[in-house]
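*Asks:* File name input-v3.csv; file contents CSV, C-alpha atoms; full text below.
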```csv
chain,number,residue,atom,x,y,z
Q,1,MET,CA,-56.7,-8.2,18.1
Q,2,GLN,CA,-54.1,-7.6,20.7
Q,3,THR,CA,-53.9,-11.3,21.4
Q,4,GLU,CA,-53.4,-12.0,17.7
Q,5,GLU,CA,-50.5,-9.5,17.5
Q,6,LYS,CA,-48.9,-10.9,20.6
Q,7,LYS,CA,-48.9,-14.4,19.0
Q,8,THR,CA,-47.4,-13.1,15.8
Q,9,LEU,CA,-44.5,-11.4,17.6
Q,10,GLU,CA,-43.9,-14.6,19.7
Q,11,THR,CA,-43.8,-16.6,16.4
Q,12,CYS,CA,-41.3,-14.1,14.9
Q,13,GLY,CA,-39.2,-14.3,18.0
Q,14,ARG,CA,-38.7,-18.0,17.3
Q,15,VAL,CA,-37.5,-17.5,13.7
Q,16,VAL,CA,-33.8,-18.4,13.6
Q,17,SER,CA,-33.1,-18.4,9.8
Q,18,ILE,CA,-34.3,-16.5,6.7
Q,19,SER,CA,-33.0,-17.2,3.2
Q,20,ALA,CA,-34.5,-15.0,0.5
Q,21,GLN,CA,-31.7,-14.9,-2.1
Q,22,GLY,CA,-32.6,-13.8,-5.6
Q,23,VAL,CA,-36.4,-13.7,-5.1
Q,24,ASP,CA,-36.8,-10.2,-6.6
Q,25,LEU,CA,-37.8,-8.5,-3.4
Q,26,ASN,CA,-38.5,-4.9,-4.1
Q,27,VAL,CA,-39.2,-3.6,-0.6
Q,28,THR,CA,-37.8,-1.5,2.2
Q,29,LEU,CA,-37.0,-3.5,5.4
Q,30,PRO,CA,-39.5,-2.6,8.1
Q,31,SER,CA,-38.5,-0.8,11.2
Q,32,ASP,CA,-40.0,-3.5,13.4
Q,33,ILE,CA,-37.7,-6.2,12.0
Q,34,HIS,CA,-36.1,-6.1,15.5
Q,35,HIS,CA,-38.9,-8.4,16.7
Q,36,LEU,CA,-36.9,-11.2,15.0
Q,37,SER,CA,-34.8,-11.3,18.2
Q,38,LYS,CA,-33.7,-15.0,17.8
Q,39,LEU,CA,-32.6,-14.6,14.2
Q,40,ARG,CA,-29.2,-16.1,13.5
Q,41,PHE,CA,-29.0,-16.3,9.7
Q,42,LEU,CA,-30.3,-13.7,7.2
Q,43,ASP,CA,-29.6,-13.9,3.5
Q,44,LEU,CA,-31.1,-11.2,1.3
Q,45,ARG,CA,-28.6,-11.3,-1.5
Q,46,ARG,CA,-29.5,-10.4,-5.1
Q,47,ASN,CA,-32.7,-8.5,-4.6
Q,48,ARG,CA,-33.9,-4.9,-5.1
Q,49,ILE,CA,-34.3,-3.9,-1.5
Q,50,THR,CA,-34.1,-0.2,-1.0
Q,51,GLY,CA,-33.8,2.3,1.9
Q,52,PRO,CA,-31.3,2.1,4.8
Q,53,LEU,CA,-30.4,-1.0,6.7
Q,54,PRO,CA,-32.5,-0.7,9.8
Q,55,GLN,CA,-31.1,0.5,13.1
Q,56,ALA,CA,-32.3,-2.7,14.8
Q,57,LEU,CA,-30.7,-4.9,17.5
Q,58,PHE,CA,-30.1,-8.5,16.6
Q,59,PRO,CA,-28.5,-10.0,19.7
Q,60,GLU,CA,-28.0,-13.5,18.2
Q,61,LEU,CA,-27.5,-12.9,14.5
Q,62,LYS,CA,-24.3,-14.6,13.2
Q,63,THR,CA,-24.6,-14.2,9.4
Q,64,LEU,CA,-25.9,-11.2,7.5
Q,65,LEU,CA,-25.7,-11.3,3.7
Q,66,VAL,CA,-27.1,-8.4,1.8
Q,67,ASP,CA,-25.0,-8.2,-1.4
Q,68,ARG,CA,-26.3,-6.7,-4.7
Q,69,ASN,CA,-29.3,-4.7,-3.4
Q,70,SER,CA,-30.1,-1.0,-3.5
Q,71,PHE,CA,-29.6,-0.1,0.2
Q,72,THR,CA,-29.0,3.6,0.8
Q,73,GLY,CA,-27.5,3.7,4.2
Q,74,VAL,CA,-25.6,1.7,6.9
Q,75,PRO,CA,-26.0,2.3,10.6
Q,76,PRO,CA,-22.8,3.8,12.0
Q,77,ASN,CA,-23.0,1.3,14.9
Q,78,ILE,CA,-23.9,-1.7,12.8
Q,79,LEU,CA,-21.5,-4.1,14.5
Q,80,ALA,CA,-22.6,-3.0,18.0
Q,81,LEU,CA,-26.2,-4.0,16.9
Q,82,MET,CA,-25.1,-7.5,16.1
Q,83,PRO,CA,-22.5,-8.5,18.9
Q,84,MET,CA,-22.5,-12.2,17.8
Q,85,LEU,CA,-21.9,-11.5,14.1
Q,86,THR,CA,-19.3,-13.7,12.4
Q,87,LYS,CA,-20.0,-12.9,8.7
Q,88,LEU,CA,-21.2,-9.7,7.1
Q,89,THR,CA,-21.3,-9.1,3.3
Q,90,LEU,CA,-22.5,-5.9,1.7
Q,91,ASN,CA,-20.9,-6.2,-1.7
Q,92,ASP,CA,-22.2,-4.3,-4.7
Q,93,ASN,CA,-24.6,-2.0,-3.0
Q,94,VAL,CA,-24.0,0.9,-5.4
Q,95,GLU,CA,-26.8,3.1,-4.1
Q,96,LEU,CA,-25.2,3.4,-0.6
Q,97,LYS,CA,-24.4,6.9,0.6
Q,98,GLU,CA,-20.8,7.3,1.6
Q,99,TRP,CA,-20.1,5.8,5.0
Q,100,GLU,CA,-17.2,4.9,7.2
Q,101,LEU,CA,-16.3,1.6,8.7
Q,102,PRO,CA,-17.6,1.3,12.3
Q,103,ALA,CA,-15.2,1.8,15.1
Q,104,ALA,CA,-14.8,-1.5,17.0
Q,105,ARG,CA,-16.2,-1.2,20.5
Q,106,SER,CA,-15.8,-4.7,21.9
Q,107,PRO,CA,-12.4,-6.4,22.3
Q,108,HIS,CA,-14.3,-9.8,22.0
Q,109,SER,CA,-15.5,-9.4,18.4
Q,110,GLN,CA,-16.6,-12.6,16.8
Q,111,LEU,CA,-16.3,-11.2,13.2
Q,112,GLN,CA,-14.5,-13.6,10.8
Q,113,VAL,CA,-15.7,-12.3,7.4
Q,114,PHE,CA,-16.3,-8.7,6.4
Q,115,GLU,CA,-17.0,-7.9,2.8
Q,116,ALA,CA,-18.0,-4.5,1.5
Q,117,ARG,CA,-16.7,-4.3,-2.1
Q,118,ASN,CA,-18.1,-1.6,-4.3
Q,119,ALA,CA,-20.1,-0.2,-1.4
Q,120,SER,CA,-19.2,3.5,-1.0
Q,121,VAL,CA,-16.9,2.9,2.0
Q,122,ALA,CA,-14.8,6.0,2.8
Q,123,GLY,CA,-12.5,7.1,5.6
Q,124,THR,CA,-9.6,5.0,7.0
Q,125,LEU,CA,-9.1,1.5,8.3
Q,126,SER,CA,-7.6,2.7,11.6
Q,127,LEU,CA,-10.6,2.7,13.9
Q,128,PHE,CA,-12.1,-0.4,12.4
Q,129,LEU,CA,-9.0,-2.5,12.8
Q,130,ARG,CA,-7.4,-0.7,15.7
Q,131,SER,CA,-3.9,-2.1,14.9
Q,132,GLY,CA,-5.4,-5.6,14.6
Q,133,SER,CA,-6.7,-5.9,18.1
Q,134,ALA,CA,-10.3,-5.0,17.3
Q,135,HIS,CA,-11.2,-8.1,15.3
Q,136,PRO,CA,-8.8,-10.9,16.3
Q,137,ASN,CA,-10.8,-13.6,14.5
Q,138,LEU,CA,-11.0,-11.8,11.2
Q,139,VAL,CA,-10.1,-14.3,8.4
Q,140,ARG,CA,-11.4,-12.5,5.3
Q,141,LEU,CA,-11.5,-8.7,4.7
Q,142,LEU,CA,-12.6,-7.5,1.3
Q,143,LEU,CA,-13.0,-3.8,0.7
Q,144,ALA,CA,-12.1,-3.3,-3.0
Q,145,ASN,CA,-13.6,-0.5,-5.1
Q,146,ASN,CA,-14.2,2.0,-2.4
Q,147,ARG,CA,-12.9,5.4,-1.2
Q,148,LEU,CA,-10.6,4.4,1.6
Q,149,ALA,CA,-7.6,6.6,2.2
Q,150,GLY,CA,-4.7,7.0,4.5
Q,151,GLN,CA,-2.0,4.6,5.7
Q,152,VAL,CA,-2.6,0.9,6.7
Q,153,MET,CA,-1.2,-0.3,9.9
Q,154,PHE,CA,-2.3,-3.5,11.6
Q,155,SER,CA,-1.3,-7.1,12.2
Q,156,SER,CA,-3.2,-10.3,12.3
Q,157,THR,CA,-2.2,-14.0,12.7
Q,158,MET,CA,-5.7,-15.1,11.5
Q,159,LEU,CA,-6.2,-13.1,8.3
Q,160,ARG,CA,-6.1,-15.2,5.1
Q,161,TYR,CA,-7.7,-13.0,2.4
Q,162,LEU,CA,-7.2,-9.2,2.1
Q,163,ASP,CA,-8.4,-7.2,-0.8
Q,164,LEU,CA,-7.9,-3.4,-0.5
Q,165,SER,CA,-7.6,-2.8,-4.3
Q,166,HIS,CA,-9.1,0.2,-6.1
Q,167,ASN,CA,-8.9,2.6,-3.2
Q,168,MET,CA,-6.8,5.7,-2.4
Q,169,LEU,CA,-4.5,4.2,0.3
Q,170,THR,CA,-1.0,5.6,0.8
Q,171,GLY,CA,2.2,4.9,2.6
Q,172,THR,CA,4.3,1.7,2.6
Q,173,ILE,CA,3.0,-1.8,2.8
Q,174,GLU,CA,5.3,-2.8,5.6
Q,175,PHE,CA,2.1,-3.9,7.5
Q,176,ILE,CA,2.0,-7.1,5.4
Q,177,THR,CA,4.9,-8.6,7.4
Q,178,GLY,CA,2.5,-8.7,10.3
Q,179,LEU,CA,0.1,-11.0,8.3
Q,180,PRO,CA,2.0,-14.3,8.5
Q,181,ASN,CA,-0.9,-16.5,7.3
Q,182,VAL,CA,-2.2,-14.4,4.5
Q,183,GLN,CA,-2.9,-16.4,1.3
Q,184,GLU,CA,-4.3,-13.8,-1.1
Q,185,LEU,CA,-3.1,-10.2,-0.9
Q,186,ARG,CA,-4.7,-7.7,-3.4
Q,187,LEU,CA,-3.4,-4.2,-3.1
Q,188,HIS,CA,-3.5,-3.0,-6.7
Q,189,ASP,CA,-4.7,0.4,-7.9
Q,190,ASN,CA,-3.9,2.5,-4.8
Q,191,ALA,CA,-1.2,5.1,-4.1
Q,192,PHE,CA,1.2,2.9,-2.0
Q,193,THR,CA,4.8,4.0,-2.1
Q,194,GLY,CA,8.2,2.8,-0.9
Q,195,VAL,CA,10.2,-0.4,-1.3
Q,196,LEU,CA,8.7,-3.8,-1.0
Q,197,PRO,CA,9.2,-5.5,2.4
Q,198,ASP,CA,10.6,-8.9,3.2
Q,199,PHE,CA,8.3,-11.8,2.1
Q,200,SER,CA,10.3,-14.6,3.6
Q,201,LYS,CA,7.9,-15.1,6.5
Q,202,LEU,CA,4.7,-15.0,4.4
Q,203,TRP,CA,5.1,-18.6,3.6
Q,204,ARG,CA,1.4,-19.2,2.9
Q,205,LEU,CA,1.1,-16.4,0.3
Q,206,ARG,CA,-0.2,-17.6,-3.1
Q,207,VAL,CA,-1.6,-14.6,-4.9
Q,208,LEU,CA,-0.1,-11.1,-4.8
Q,209,THR,CA,-1.3,-8.1,-6.8
Q,210,LEU,CA,0.6,-4.8,-6.4
Q,211,SER,CA,0.1,-3.2,-9.8
Q,212,GLN,CA,-0.9,0.5,-10.3
Q,213,ASN,CA,0.9,1.9,-7.3
Q,214,GLN,CA,4.1,3.9,-6.9
Q,215,PHE,CA,6.4,1.2,-5.5
Q,216,THR,CA,10.1,1.9,-6.0
Q,217,GLY,CA,13.4,0.0,-5.6
Q,218,ILE,CA,14.4,-3.5,-6.6
Q,219,VAL,CA,12.0,-6.5,-6.4
Q,220,PRO,CA,13.4,-8.4,-3.3
Q,221,VAL,CA,14.9,-11.8,-3.6
Q,222,SER,CA,12.5,-13.0,-0.9
Q,223,LEU,CA,9.6,-12.5,-3.3
Q,224,ILE,CA,11.3,-14.0,-6.3
Q,225,ASN,CA,12.4,-17.1,-4.5
Q,226,HIS,CA,9.2,-17.4,-2.4
Q,227,GLY,CA,8.3,-20.9,-3.6
Q,228,GLY,CA,4.6,-21.0,-2.9
Q,229,LEU,CA,3.4,-18.2,-5.2
Q,230,THR,CA,1.0,-18.9,-8.1
Q,231,SER,CA,0.4,-15.4,-9.3
Q,232,VAL,CA,2.2,-12.0,-9.0
Q,233,SER,CA,1.2,-8.7,-10.6
Q,234,LEU,CA,3.7,-5.8,-10.5
Q,235,THR,CA,3.0,-3.7,-13.6
Q,236,GLU,CA,2.6,0.1,-13.6
Q,237,ASN,CA,4.9,0.9,-10.7
Q,238,LEU,CA,8.4,2.5,-10.5
Q,239,PHE,CA,10.5,-0.6,-9.9
Q,240,GLN,CA,14.2,-0.4,-10.8
Q,241,GLY,CA,17.0,-2.9,-11.1
Q,242,PRO,CA,17.1,-6.1,-13.0
Q,243,LEU,CA,14.0,-7.9,-14.4
Q,244,PRO,CA,12.9,-10.4,-11.7
Q,245,GLU,CA,12.9,-14.0,-12.9
Q,246,PHE,CA,10.1,-16.0,-11.2
Q,247,PRO,CA,9.7,-19.7,-11.6
Q,248,ARG,CA,7.7,-20.9,-14.6
Q,249,SER,CA,4.9,-22.0,-12.3
Q,250,VAL,CA,4.2,-18.4,-11.3
Q,251,GLN,CA,1.9,-16.3,-13.5
Q,252,THR,CA,3.4,-12.8,-13.7
Q,253,ASP,CA,3.2,-9.6,-15.7
Q,254,VAL,CA,6.9,-8.6,-15.4
Q,255,ALA,CA,7.3,-8.5,-19.1
Q,256,HIS,CA,4.5,-6.0,-19.4
Q,257,ALA,CA,6.0,-4.0,-16.5
Q,258,ALA,CA,9.3,-3.9,-18.3
Q,259,TYR,CA,7.6,-2.7,-21.5
Q,260,TRP,CA,6.2,0.2,-19.5
Q,261,GLY,CA,9.5,1.3,-18.1
Q,262,SER,CA,10.1,-0.8,-15.0
Q,263,PHE,CA,13.5,-2.4,-14.5
Q,264,CYS,CA,16.8,-1.5,-16.3
Q,265,ARG,CA,16.2,-3.8,-19.3
Q,266,PRO,CA,13.3,-5.7,-20.8
Q,267,GLU,CA,15.0,-9.1,-20.6
Q,268,PRO,CA,16.7,-10.9,-17.8
Q,269,GLY,CA,20.3,-10.0,-17.0
Q,270,PRO,CA,22.4,-7.6,-14.9
Q,271,CYS,CA,22.1,-3.8,-15.2
Q,272,GLN,CA,25.0,-1.7,-16.5
Q,273,GLU,CA,27.7,-1.1,-13.8
Q,274,ARG,CA,27.0,2.6,-13.6
Q,275,VAL,CA,23.3,1.9,-13.1
Q,276,VAL,CA,24.0,-0.6,-10.3
Q,277,LEU,CA,26.1,2.1,-8.5
Q,278,LEU,CA,23.5,4.8,-8.8
Q,279,LEU,CA,20.7,2.4,-7.6
Q,280,LEU,CA,22.8,1.7,-4.5
Q,281,ILE,CA,23.0,5.4,-4.0
Q,282,ALA,CA,19.2,5.7,-4.4
Q,283,ALA,CA,18.8,2.9,-1.9
Q,284,ALA,CA,20.6,5.0,0.7
Q,285,PHE,CA,18.0,7.7,-0.1
Q,286,GLN,CA,15.2,5.1,0.4
Q,287,PHE,CA,14.4,4.9,-3.3
Q,288,PRO,CA,12.5,8.2,-3.6
Q,289,VAL,CA,9.8,8.6,-6.2
Q,290,SER,CA,11.5,11.7,-7.6
Q,291,LEU,CA,14.4,9.6,-8.7
Q,292,ALA,CA,12.5,6.5,-9.6
Q,293,THR,CA,10.4,8.4,-12.2
Q,294,SER,CA,13.6,9.5,-13.9
Q,295,TRP,CA,16.2,6.9,-13.3
Q,296,LYS,CA,14.9,4.4,-15.8
Q,297,GLY,CA,16.5,2.2,-18.3
Q,298,ASN,CA,20.1,1.1,-18.5
Q,299,ASP,CA,21.9,4.3,-19.4
Q,300,PRO,CA,22.3,6.9,-16.6
Q,301,CYS,CA,23.6,9.4,-19.2
Q,302,ALA,CA,20.2,9.3,-21.1
Q,303,GLY,CA,18.5,12.2,-19.2
Q,304,TRP,CA,18.6,10.8,-15.6
Q,305,LEU,CA,17.6,13.6,-13.2
Q,306,GLY,CA,20.7,15.3,-11.8
Q,307,VAL,CA,23.2,13.1,-13.6
Q,308,TYR,CA,25.8,14.7,-15.8
Q,309,CYS,CA,28.2,12.8,-18.1
Q,310,ASP,CA,31.2,13.5,-20.2
Q,311,ASN,CA,30.0,13.2,-23.8
Q,312,SER,CA,33.3,11.8,-25.0
Q,313,THR,CA,33.9,9.1,-22.3
Q,314,GLY,CA,30.4,8.5,-20.9
Q,315,GLU,CA,31.7,8.8,-17.4
Q,316,ILE,CA,29.6,10.5,-14.7
Q,317,ILE,CA,31.2,13.8,-13.9
Q,318,GLY,CA,28.5,15.6,-11.9
Q,319,ILE,CA,25.5,14.8,-9.7
Q,320,ASN,CA,23.1,17.5,-8.6
Q,321,LEU,CA,20.3,16.3,-6.3
Q,322,SER,CA,19.8,19.5,-4.5
Q,323,HIS,CA,16.4,20.4,-3.0
Q,324,LEU,CA,14.6,17.2,-3.7
Q,325,ALA,CA,13.5,16.5,-0.1
Q,326,LEU,CA,15.7,13.4,-0.1
Q,327,ASN,CA,15.8,11.4,3.1
Q,328,GLY,CA,18.3,8.8,4.3
Q,329,THR,CA,22.1,9.0,4.2
Q,330,ILE,CA,25.0,9.7,1.8
Q,331,SER,CA,26.1,6.4,0.3
Q,332,PRO,CA,29.7,5.4,0.3
Q,333,VAL,CA,29.1,4.2,-3.2
Q,334,PHE,CA,29.7,7.8,-4.4
Q,335,GLY,CA,33.4,7.1,-3.9
Q,336,ALA,CA,33.2,4.5,-6.7
Q,337,LEU,CA,32.3,7.2,-9.3
Q,338,ARG,CA,35.9,8.0,-10.0
Q,339,SER,CA,35.3,10.7,-12.6
Q,340,LEU,CA,33.0,12.7,-10.3
Q,341,GLN,CA,33.9,16.4,-10.3
Q,342,ALA,CA,30.8,17.9,-8.5
Q,343,LEU,CA,28.4,16.4,-5.9
Q,344,LEU,CA,25.6,18.7,-4.9
Q,345,LEU,CA,23.2,17.4,-2.2
Q,346,GLY,CA,22.2,20.6,-0.5
Q,347,GLY,CA,18.8,21.4,0.8
Q,348,ASN,CA,17.6,17.8,1.7
Q,349,ASN,CA,16.9,15.8,4.8
Q,350,LEU,CA,20.1,13.8,4.8
Q,351,ALA,CA,21.6,12.7,8.1
Q,352,GLY,CA,24.9,11.2,9.3
Q,353,VAL,CA,28.4,11.7,8.1
Q,354,VAL,CA,30.2,12.9,5.0
Q,355,LEU,CA,31.9,9.6,4.2
Q,356,GLN,CA,35.7,9.1,3.9
Q,357,SER,CA,35.1,7.4,0.6
Q,358,LEU,CA,34.6,10.8,-1.0
Q,359,LEU,CA,38.2,11.6,-0.3
Q,360,ARG,CA,39.2,9.0,-2.8
Q,361,LEU,CA,37.6,11.0,-5.7
Q,362,PRO,CA,40.6,12.3,-7.6
Q,363,SER,CA,38.6,14.8,-9.7
Q,364,LEU,CA,36.2,16.2,-7.1
Q,365,ARG,CA,36.1,20.0,-7.1
Q,366,VAL,CA,32.8,20.9,-5.5
Q,367,LEU,CA,30.9,19.2,-2.6
Q,368,ASP,CA,27.7,20.7,-1.4
Q,369,VAL,CA,26.0,19.1,1.7
Q,370,SER,CA,24.6,22.3,3.1
Q,371,ASP,CA,21.1,22.6,4.5
Q,372,ASN,CA,21.0,19.0,5.7
Q,373,ALA,CA,21.5,17.6,9.2
Q,374,ALA,CA,24.8,18.7,10.7
Q,375,PRO,CA,27.5,16.5,9.3
Q,376,GLU,CA,29.6,14.6,11.8
Q,377,ASP,CA,33.4,14.4,11.6
Q,378,MET,CA,33.7,16.2,8.3
Q,379,PRO,CA,36.8,14.7,6.6
Q,380,HIS,CA,39.7,17.0,5.6
Q,381,PHE,CA,39.5,17.4,1.8
Q,382,ARG,CA,42.4,18.9,-0.2
Q,383,SER,CA,42.3,22.6,-0.5
Q,384,SER,CA,41.2,22.5,-4.2
Q,385,VAL,CA,37.8,21.2,-3.2
Q,386,LEU,CA,35.1,23.7,-2.5
Q,387,ILE,CA,33.1,22.5,0.5
Q,388,LEU,CA,29.6,23.8,1.3
Q,389,ALA,CA,28.5,22.2,4.6
Q,390,ARG,CA,26.3,24.7,6.5
Q,391,ALA,CA,23.7,22.6,8.5
Q,392,SER,CA,20.0,23.5,8.3
Q,393,ARG,CA,18.3,24.7,11.4
Q,394,GLU,CA,15.2,22.7,10.7
Q,395,PRO,CA,14.5,19.5,8.7
Q,396,LYS,CA,12.9,20.0,5.4
Q,397,ALA,CA,9.2,18.9,5.0
Q,398,HIS,CA,8.6,15.9,2.8
Q,399,GLY,CA,6.7,18.1,0.4
Q,400,TYR,CA,9.6,20.6,-0.2
Q,401,ARG,CA,9.6,21.4,-3.8
Q,402,PRO,CA,12.8,21.0,-5.8
Q,403,LYS,CA,14.4,24.3,-6.9
Q,404,VAL,CA,17.6,23.6,-8.7
Q,405,ALA,CA,18.0,19.9,-9.4
Q,406,GLY,CA,18.3,19.3,-13.1
Q,407,LYS,CA,19.6,22.7,-14.1
Q,408,PRO,CA,22.9,23.0,-15.9
Q,409,LEU,CA,25.8,22.0,-13.7
Q,410,VAL,CA,28.6,24.6,-13.5
Q,411,ILE,CA,31.8,23.1,-12.2
Q,412,SER,CA,34.3,25.8,-12.9
Q,413,ILE,CA,35.4,27.7,-9.7
```
Let's see the structure in the file written out as structure tokens.

*Replies:*
Amino acid sequence: MQTEEKKTLETCGRVVSISAQGVDLNVTLPSDIHHLSKLRFLDLRRNRITGPLPQALFPELKTLLVDRNSFTGVPPNILALMPMLTKLTLNDNVELKEWELPAARSPHSQLQVFEARNASVAGTLSLFLRSGSAHPNLVRLLLANNRLAGQVMFSSTMLRYLDLSHNMLTGTIEFITGLPNVQELRLHDNAFTGVLPDFSKLWRLRVLTLSQNQFTGIVPVSLINHGGLTSVSLTENLFQGPLPEFPRSVQTDVAHAAYWGSFCRPEPGPCQERVVLLLLIAAAFQFPVSLATSWKGNDPCAGWLGVYCDNSTGEIIGINLSHLALNGTISPVFGALRSLQALLLGGNNLAGVVLQSLLRLPSLRVLDVSDNAAPEDMPHFRSSVLILARASREPKAHGYRPKVAGKPLVISI
């Protein structure tokens, strides 16, 4: 009997490929599967296999495909168990308990394809990608419909397909500028913020989905004039400025985005002059969400946060953006609002100088830049202008709650 078992194990040790896709397997993988020590290819897709993926060493395995099963667990060191692995797909294993992507241990990872869509993946990408150095050969990374959170920061010259949609990722998407060869980029349905980066070096990009985030600012010319795009999705964001006009060859949802409040007008064309000026001011504040959610449409006198207008002339006479945790600098464009009587920017995180352009405002009566970074070279205003410029001792936290912005603006002094 011992001789029989020894022959069986020797036979298993010579198996290099198993393909059992869609054969209705309703089993749990045995713990002694590690006897398949020469296995290089294992395809178990579209079965009903239950239980955890075994904690077994496969020193020569290159391809593991286990999509659409009922696995319940993933070994935390799954990649260390398969050091030669080039392709791993775990898509649509909905019974998996929440698990985190494994930390890369080897700088010589062979992994080229990693797919775990709809597979209960949680945590962050940071340890798995390690700024892009962990898996230098990765070409395809698909992690949609999971519970990933946090910011994304990595670069890769090899990556072609990236799908991080339907997660809880935050921060900007500046990282995509470090993916020069990416062809499909799906980032929709997350909590990404900030302005869109420069797309001019992503010359291979064909498909881009950014819908259902909190992007702000103006759609960059580098994206509109990209040339190689076939599909762009931008709806359900906080974009401002003119409606982008993509070539007819590009399938877009910009009309739908405009219908739901993005852009200054629903049809192509420039924004109203006052809107253009205020968006330049917002740009100096890094297009914050607090302004983007309110500064919509093509009339800044129609309830824009902190903007006060003369009812008879339609001119902007007051701006109160106090205590909104604004970052960035004070734009010189304020000097173009010639009817401005009061400018209140106190209690933010603004740095730099109080610009000389404000001296040209003939009607200015109140300027509040207090509780910001210490202003440099405060210009000499005429004596009729009330100046509040006490610097804050500490920078305000990004979560500082607004206190007075939007309240009635009292200009009389």

*Asks:* Go through Q:Ala257, Q:Leu79, Q:Ala134, Q:Leu202 one by one, measure the shortest atom-to-atom distance of each to Arg160 in chain Q using only C-alpha atoms, and give the residue with the smallest value.

*Replies:*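 Of the candidates, the smallest distance to Arg160 in chain Q is held by Q:Leu202.
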
*Asks:* Would you please work out which residue, of Q:Arg46, Q:His188, Q:His380, Q:His256, is nearest to Ser357 in chain Q when using only C-alpha atoms?

*Replies:*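 Smallest distance to Ser357 in chain Q is found for Q:His380.
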
*Asks:* Please provide as a PyMOL selection string all residues within 6 Å of range 217-220 of chain Q, with the sequence filter that same-chain residues fewer than 3 positions apart are discarded (counting only C-alpha atoms).

*Replies:* chain Q and resi 195+223+239-241+287

*Asks:* Taking all atoms listed in the file into account, which of Q:Leu278, Q:Gly306, Q:Thr313, Q:Ser363 comes nearest Leu344 in chain Q?

*Replies:* Q:Gly306

*Asks:* How many Å lie between CA of Arg390 in chain Q and CA of Val369 in chain Q, rounded to one decimal?

*Replies:*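 Atom-to-atom, CA of Arg390 in chain Q to CA of Val369 in chain Q, that is 7.4 Å.
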
*Asks:* From the set Q:Val113, Q:Ile330, Q:Leu138, Q:Ala342, which residue has the shortest atom-to-atom contact distance to Cys309 in chain Q, counting only C-alpha atoms?

*Replies:*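 Looking at the shortest contact to Cys309 in chain Q, the residue is Q:Ala342.
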
*Asks:* At what distance in Å, to one decimal, does CA of Leu64 in chain Q lie from CA of Val23 in chain Q?

*Replies:*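 Going from CA of Val23 in chain Q over to CA of Leu64 in chain Q covers 16.6 Å.
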
*Asks:* Separation of CA of Thr230 in chain Q and CA of Gln183 in chain Q, in Å?

*Replies:* 10.5 Å

*Asks:* Using only C-alpha atoms, which of the listed residues (Q:Leu343, Q:Leu44, Q:Ile176, Q:Ile33) sits closest to Gln21 in chain Q?

*Replies:*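 The answer is Q:Leu44, which sits nearest to Gln21 in chain Q.
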
*Asks:* Hey, which of Q:Thr63, Q:Asn118, Q:Ser19, Q:Gln112 ends up closest to Pro136 in chain Q? Count all atoms listed in the file.

*Replies:*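 Using all atoms listed in the file, Pro136 in chain Q sits closest to Q:Gln112.
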
*Asks:* So that I can check the surroundings of Gln341 in chain Q, please list as number ranges by chain every protein, DNA and RNA residue that reaches within 7 Å of it, counting all atoms listed in the file and ignoring chain neighbours fewer than 2 positions away.

*Replies:* Q: 317-318, 339, 363-366

*Asks:* Keeping only C-alpha atoms, write the selected residues to a file as a PDB file, keeping the file's coordinate frame.

*Replies:*
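File produced: again_35.pdb:
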```
ATOM      1  CA  ILE Q 317      31.200  13.800 -13.900  1.00  0.00           C
ATOM      2  CA  GLY Q 318      28.500  15.600 -11.900  1.00  0.00           C
ATOM      3  CA  SER Q 339      35.300  10.700 -12.600  1.00  0.00           C
ATOM      4  CA  SER Q 363      38.600  14.800  -9.700  1.00  0.00           C
ATOM      5  CA  LEU Q 364      36.200  16.200  -7.100  1.00  0.00           C
ATOM      6  CA  ARG Q 365      36.100  20.000  -7.100  1.00  0.00           C
ATOM      7  CA  VAL Q 366      32.800  20.900  -5.500  1.00  0.00           C
TER       8      VAL Q 366
END
```

*Asks:* Tell me, as a list in words, which residues lie within 9 Å of Thr72 in chain Q, counting all atoms listed in the file; anything in the same chain fewer than 5 positions away does not count.

*Replies:*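 Residues meeting the cut-off are Thr50, Gly51, Pro52, Leu53, Asn93, Val94, Glu95, Leu96 and Lys97 of chain Q.
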